[in-house]
Structures are given as structure tokens and as C-alpha cells.
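Heads up: the structure comes next, in C-alpha cells.
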Amino acid sequence: MPKTKRNLRTGKEIRELFENQGIKYVMISNKIIELYKKGFYEYEVEEINDEGEIVNVLNRVKFDSRNLTLYVGMKFLDKMEFFCYIDEIANFLNMSVKRIKDRIQELQLIKLPMNNQLNKETMQNELLESLRMAQLVRQRGERGFERNRKVKTIRWFTPFDCDLKKVRNKETQKDELKAEKFFMVTIYDLDLFINGILDEHEFALYLYLIQCFDSNDKDKKGIAQTTSKISENLNVINPSVTQRRLDKLVNLRVKDKYCTDENKDFPLIHTRKPENYNHKLTTRQEPSLYYYPIYNDLTLQKIQEVKPDSARTIHENKTDSDSDELDTELLVDTEFHNMDTKVYKTDADFLF
């Protein structure tokens, strides 16, 4: 009997599932960006040396821009509890199957510490007395259904998650567990990579700027950084390469479902000059800039329907956003960015 061909979902079909089920964002631990800044993960394996003795040897696995992007995509798939083949992950993220296979194996080797675990009896997270090591990605064979028949498929998990802390609920006067030291990535942020608007290096830089930004900062400034410092943090040898990527992020505008007649598109990043900017230029020192990921921040506000000051606070009562309009005072400063740069596409449409 001939083998039945697998019914593979296309990238568009998988993307529509997220839209239909209302899965709009994931929470990413800051430790993931710290791992990306390091660029690799080391782990011990047992080997037999020439004398026949068992010794521990350090092995190293990379964690680069593509692995970071793949991990974010796997977080979304895990949140949807999607049973899928590797081919479908490749379709969803618009990546090659061969690269996906190798990189998923690398992600399964990486373990990071976290301070909580799920109690399977109560189905509630509990704090641990000591940290435990959790895999970034884990797989388990499952029985799925396809064309009214049972098939062998894979359920993908991302066991590593954000650390938790106890917070006193002012209304109930009871302690609750809330995530800490994390940033949030929307499905529309991921669309920037899926649709080919940003490559993996540009998308990783974009995630880095999101992680650096504090959404509770009322001035919407974030952290002032020089291009050289960003390059150093992300292991980019040539700062001019980082500058070109920053220029693209600053000048790019996107159109999505949240655009209105008044706001027909959104910028990704707004910049502001610190007070010492002109002094730095005059004294021939490299100036720094504040990078505000306005697209991510405002999209989260619209998704969560919360006030701007608490856009990234979870498990709190949701309220309507005060306004759909952009802050007109947050103008993109292009004086510094437009020096020695090439022309980029200034807008891009999303399917959703």
C-alpha cells in the first residue's frame, strides 16, 4: 500500500491560526538576550581519553541571530500547542528545512537556569529553593490527526521560561507570582522577519533594542547607547555594519491591522539625543542615542488594551488605551543616522 503523503501546512495557514486564536505575543526572558550577546553556550560531555579514562570535556554550541529568531518562533508555536513537522516550522518562519533541523538540535542542547516549575497536580507555577536548568527546546513524539487518520507527529516545547517573583495583590492582600526580567515580542514583530522585511541580523538587533527599553519609562527614552557599544554587545566587529542596520530600523515604517486613517503606518524605532549629544560631536567623541521601539510598545498597548505606563505589566486589570494617536513629540532624529547611509525601503505591508 503506497505511503500517504503528509498534509503539510503552509506558512500562511499557520500564521492565520495565530490570528484566529488571538495569540499575539510571547514573553522572552532577558537571559535569552544575554546568551545571544555571549554568542555561544558551553556544556560538559563525558568522553574516553587515550588512557581509557572517562573525562568531562567542554563542548560549545553557537547561539547566533538565526538561532535567536528560531527560538522566538518556537515560543509562539509552543504557546499555540501546535503539533507540527520540521517542514512546517520552516514554512512558518520562511527558513530552509536543512537549517531548521541543525539549529533545533542546537537549541535542544542549551539549558538555562530558572527559579520556578509547574506543579502538575495543581497546574500552578511554584518558586524553587534553588535554580533548575531547563532546555530551550524539547520535542516529544505524539499521535496527531490528519485527514481523519492518526499520524505520527511532534509536539514542541520551550521549557525554559521567565523567572517569577512574589508580588502582593493590593486588592486581595495575597501573594501572586509574576514574571520578572523579560521583554515581550508580538506576532507582528515576528512578521518583520517572516515577510523578509528584516533579515535575521536586523531582527536580532531589533529584539535587542526592545529588551533594552523600559516601557515603564514615562519619557520613552530607554538606554542611551553608542553604535560602537551596541556592536560590542552584539559581537559585531565593524560598527558601520551595525550603523547600517540601525539606519534601516529607524527609517522603516510598516502597515498592519492597527493602522488607521490618521496613522496610516508606524515607525519601528524612534530616537532621541541625550543632552550631551552636541558636546560629544564638538569634542570629536562618538555620540549616543536613545532608541525607543515605538512599534512594539504601541502594538502591545493595543493588544492588551492597557494604559501606556503599564504596557508590559501582566496579570493586571485591563483598561482602554487613552489614545490611538502617536506622540507627535517623538520625532525621528535623522541628522546623525542619514550620514553615509544608503536608501532603504521606507514602508512595508503586513498580511494581517
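In the C-alpha cells, chains take letters A, B, ... by order of appearance, with residues numbered from 1 within each chain and ligands from 1 in the order shown.
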Find the residues near stretch 9-26 of chain A: any atom within 10 Å, counting only C-alpha atoms, skip ones fewer than 3 places away on the same chain, and give them as number ranges by chain.
A: 6, 29, 72-73, 75-80, 82, 84-85, 87-94, 183-191, 194, 299-300, 303-304, 351-352
Residues of the last selection are to be written out with N, CA and C atoms, as a compact mmCIF listing (two decimals), in the first residue's frame.
# COMPACT_ATOMS: atom_id res chain seq x y z
N ARG A 6 2.11 13.37 3.52
CA ARG A 6 1.78 14.24 4.65
C ARG A 6 1.09 15.51 4.17
N SER A 29 12.56 35.77 28.27
CA SER A 29 13.44 36.11 29.40
C SER A 29 14.64 36.92 28.92
N VAL A 72 12.43 32.36 19.13
CA VAL A 72 11.23 33.18 19.28
C VAL A 72 10.06 32.54 18.54
N GLY A 73 10.32 32.03 17.32
CA GLY A 73 9.27 31.35 16.57
C GLY A 73 8.77 30.11 17.29
N LYS A 75 8.73 29.66 20.50
CA LYS A 75 7.92 30.11 21.64
C LYS A 75 6.47 30.32 21.21
N PHE A 76 6.27 30.90 20.03
CA PHE A 76 4.91 31.11 19.54
C PHE A 76 4.23 29.77 19.26
N LEU A 77 4.94 28.83 18.62
CA LEU A 77 4.36 27.53 18.31
C LEU A 77 4.01 26.77 19.58
N ASP A 78 4.85 26.87 20.60
CA ASP A 78 4.57 26.20 21.87
C ASP A 78 3.33 26.80 22.53
N LYS A 79 3.20 28.12 22.46
CA LYS A 79 2.05 28.78 23.09
C LYS A 79 0.74 28.34 22.43
N MET A 80 0.79 28.04 21.13
CA MET A 80 -0.41 27.59 20.43
C MET A 80 -0.62 26.09 20.57
N PHE A 82 0.90 23.67 18.95
CA PHE A 82 0.77 23.19 17.58
C PHE A 82 1.62 21.95 17.36
N CYS A 84 3.47 19.81 14.96
CA CYS A 84 3.92 20.12 13.60
C CYS A 84 5.20 19.40 13.24
N TYR A 85 5.41 19.27 11.94
CA TYR A 85 6.64 18.72 11.41
C TYR A 85 7.67 19.84 11.27
N ASP A 87 9.24 20.56 8.65
CA ASP A 87 8.95 21.26 7.39
C ASP A 87 7.98 22.42 7.62
N GLU A 88 7.02 22.23 8.53
CA GLU A 88 6.03 23.27 8.78
C GLU A 88 6.62 24.42 9.58
N ILE A 89 7.57 24.11 10.48
CA ILE A 89 8.27 25.19 11.18
C ILE A 89 9.03 26.04 10.17
N ALA A 90 9.67 25.35 9.21
CA ALA A 90 10.39 26.06 8.15
C ALA A 90 9.44 26.91 7.32
N ASN A 91 8.26 26.37 7.01
CA ASN A 91 7.27 27.13 6.24
C ASN A 91 6.82 28.37 7.01
N PHE A 92 6.57 28.20 8.30
CA PHE A 92 6.08 29.29 9.13
C PHE A 92 7.10 30.43 9.22
N LEU A 93 8.37 30.08 9.43
CA LEU A 93 9.40 31.09 9.64
C LEU A 93 10.12 31.48 8.35
N ASN A 94 9.72 30.85 7.24
CA ASN A 94 10.36 31.16 5.96
C ASN A 94 11.86 30.88 6.01
N PHE A 183 11.05 40.64 28.29
CA PHE A 183 10.50 41.58 27.32
C PHE A 183 9.49 40.83 26.48
N MET A 184 8.65 41.55 25.78
CA MET A 184 7.56 40.93 25.04
C MET A 184 7.73 41.17 23.54
N VAL A 185 7.52 40.10 22.78
CA VAL A 185 7.62 40.15 21.32
C VAL A 185 6.25 39.83 20.75
N THR A 186 5.74 40.69 19.88
CA THR A 186 4.43 40.45 19.28
C THR A 186 4.59 39.62 18.01
N ILE A 187 3.49 39.01 17.60
CA ILE A 187 3.50 38.24 16.36
C ILE A 187 3.76 39.17 15.17
N TYR A 188 3.41 40.45 15.34
CA TYR A 188 3.65 41.42 14.27
C TYR A 188 5.13 41.80 14.20
N ASP A 189 5.82 41.75 15.34
CA ASP A 189 7.28 41.90 15.31
C ASP A 189 7.89 40.74 14.53
N LEU A 190 7.44 39.52 14.82
CA LEU A 190 7.98 38.35 14.12
C LEU A 190 7.67 38.40 12.64
N ASP A 191 6.54 39.01 12.27
CA ASP A 191 6.20 39.17 10.85
C ASP A 191 7.28 39.91 10.08
N ILE A 194 9.47 37.07 9.11
CA ILE A 194 8.77 36.10 8.27
C ILE A 194 8.55 36.64 6.86
N THR A 299 1.99 48.63 19.81
CA THR A 299 1.24 47.44 19.41
C THR A 299 0.83 46.64 20.64
N LEU A 300 1.72 46.52 21.62
CA LEU A 300 1.38 45.82 22.86
C LEU A 300 0.26 46.53 23.60
N ILE A 303 -2.89 45.60 21.79
CA ILE A 303 -3.23 44.19 22.01
C ILE A 303 -3.80 43.99 23.40
N GLN A 304 -3.15 44.56 24.39
CA GLN A 304 -3.55 44.34 25.78
C GLN A 304 -4.60 45.32 26.26
N LEU A 351 0.40 41.04 6.00
CA LEU A 351 -0.80 40.34 5.58
C LEU A 351 -1.91 40.47 6.61
N PHE A 352 -1.53 40.67 7.88
CA PHE A 352 -2.54 40.68 8.94
C PHE A 352 -2.54 42.02 9.66
Where in stretch 88-272 of chain A does DSSP assign strand (DSSP E or B), given as an NGL selection string?
:A and (111-119 or 124-135 or 138-146 or 149-157 or 163-168 or 175-180 or 182-186 or 224-225 or 253-255 or 266-267 or 270-272)
Show me, as a PyMOL selection string, the residues that have an atom within 7 Å of A:Val250 when counting only C-alpha atoms, minus same-chain residues fewer than 3 positions from it.
chain A and resi 246-247+268-270
Long-range neighbours of stretch 284-287 of chain A as a list in words, 9 Å cut-off, only C-alpha atoms, 5 positions minimum in chain:
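That gives Gln225, Thr226, Thr227, Ser228, Lys273, Pro274, Asn276, Tyr277, Asn278 and His279 of chain A.
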A:Leu35 environment, 8 Å, only C-alpha atoms, sequence neighbours closer than 5 positions dropped, as a ChimeraX atom specification:
/A:40-41,63
Set the distance at 9 Å and use only C-alpha atoms: which residues neighbour stretch 64-66 of chain A once local chain neighbours fewer than 3 positions away are removed? I'd like the list as an MDAnalysis selection string.
chainID A and resid 36:37 39:40 69:71 103 200:205
Enumerate the residues of stretch 4-99 of chain A with a DSSP assignment of helix (DSSP H, G or I), computed from the backbone, and present them as a PyMOL selection string.
chain A and resi 11-21+30-38+65-80+86-93+97-99
Using Å and a single decimal, report how far atom CA of A:Asp214 sits from atom CA of A:Lys229.
18.4 Å
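Distance-wise, atom CA of A:Leu136 and atom CA of A:Asn30 end up 13.3 Å apart.
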Take atom CA of A:Leu107 and atom CA of A:Met74 and report the distance between them in Å, one decimal.
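Answer for the atom CA of A:Leu107 to atom CA of A:Met74 separation: 10.2 Å.
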Surrounding residues of stretch 116-118 of chain A excluding itself and chain neighbours under 4 positions, 9 Å, only C-alpha atoms, as a ChimeraX atom specification:
/A:122-132,161-164
Could you check the closest approach to A:Asn115 for each of A:Val254, A:Met95, A:Leu177, A:Ile197 and tell me which residue wins, using only C-alpha atoms?
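Checking each candidate against A:Asn115, we get A:Leu177 as the closest.
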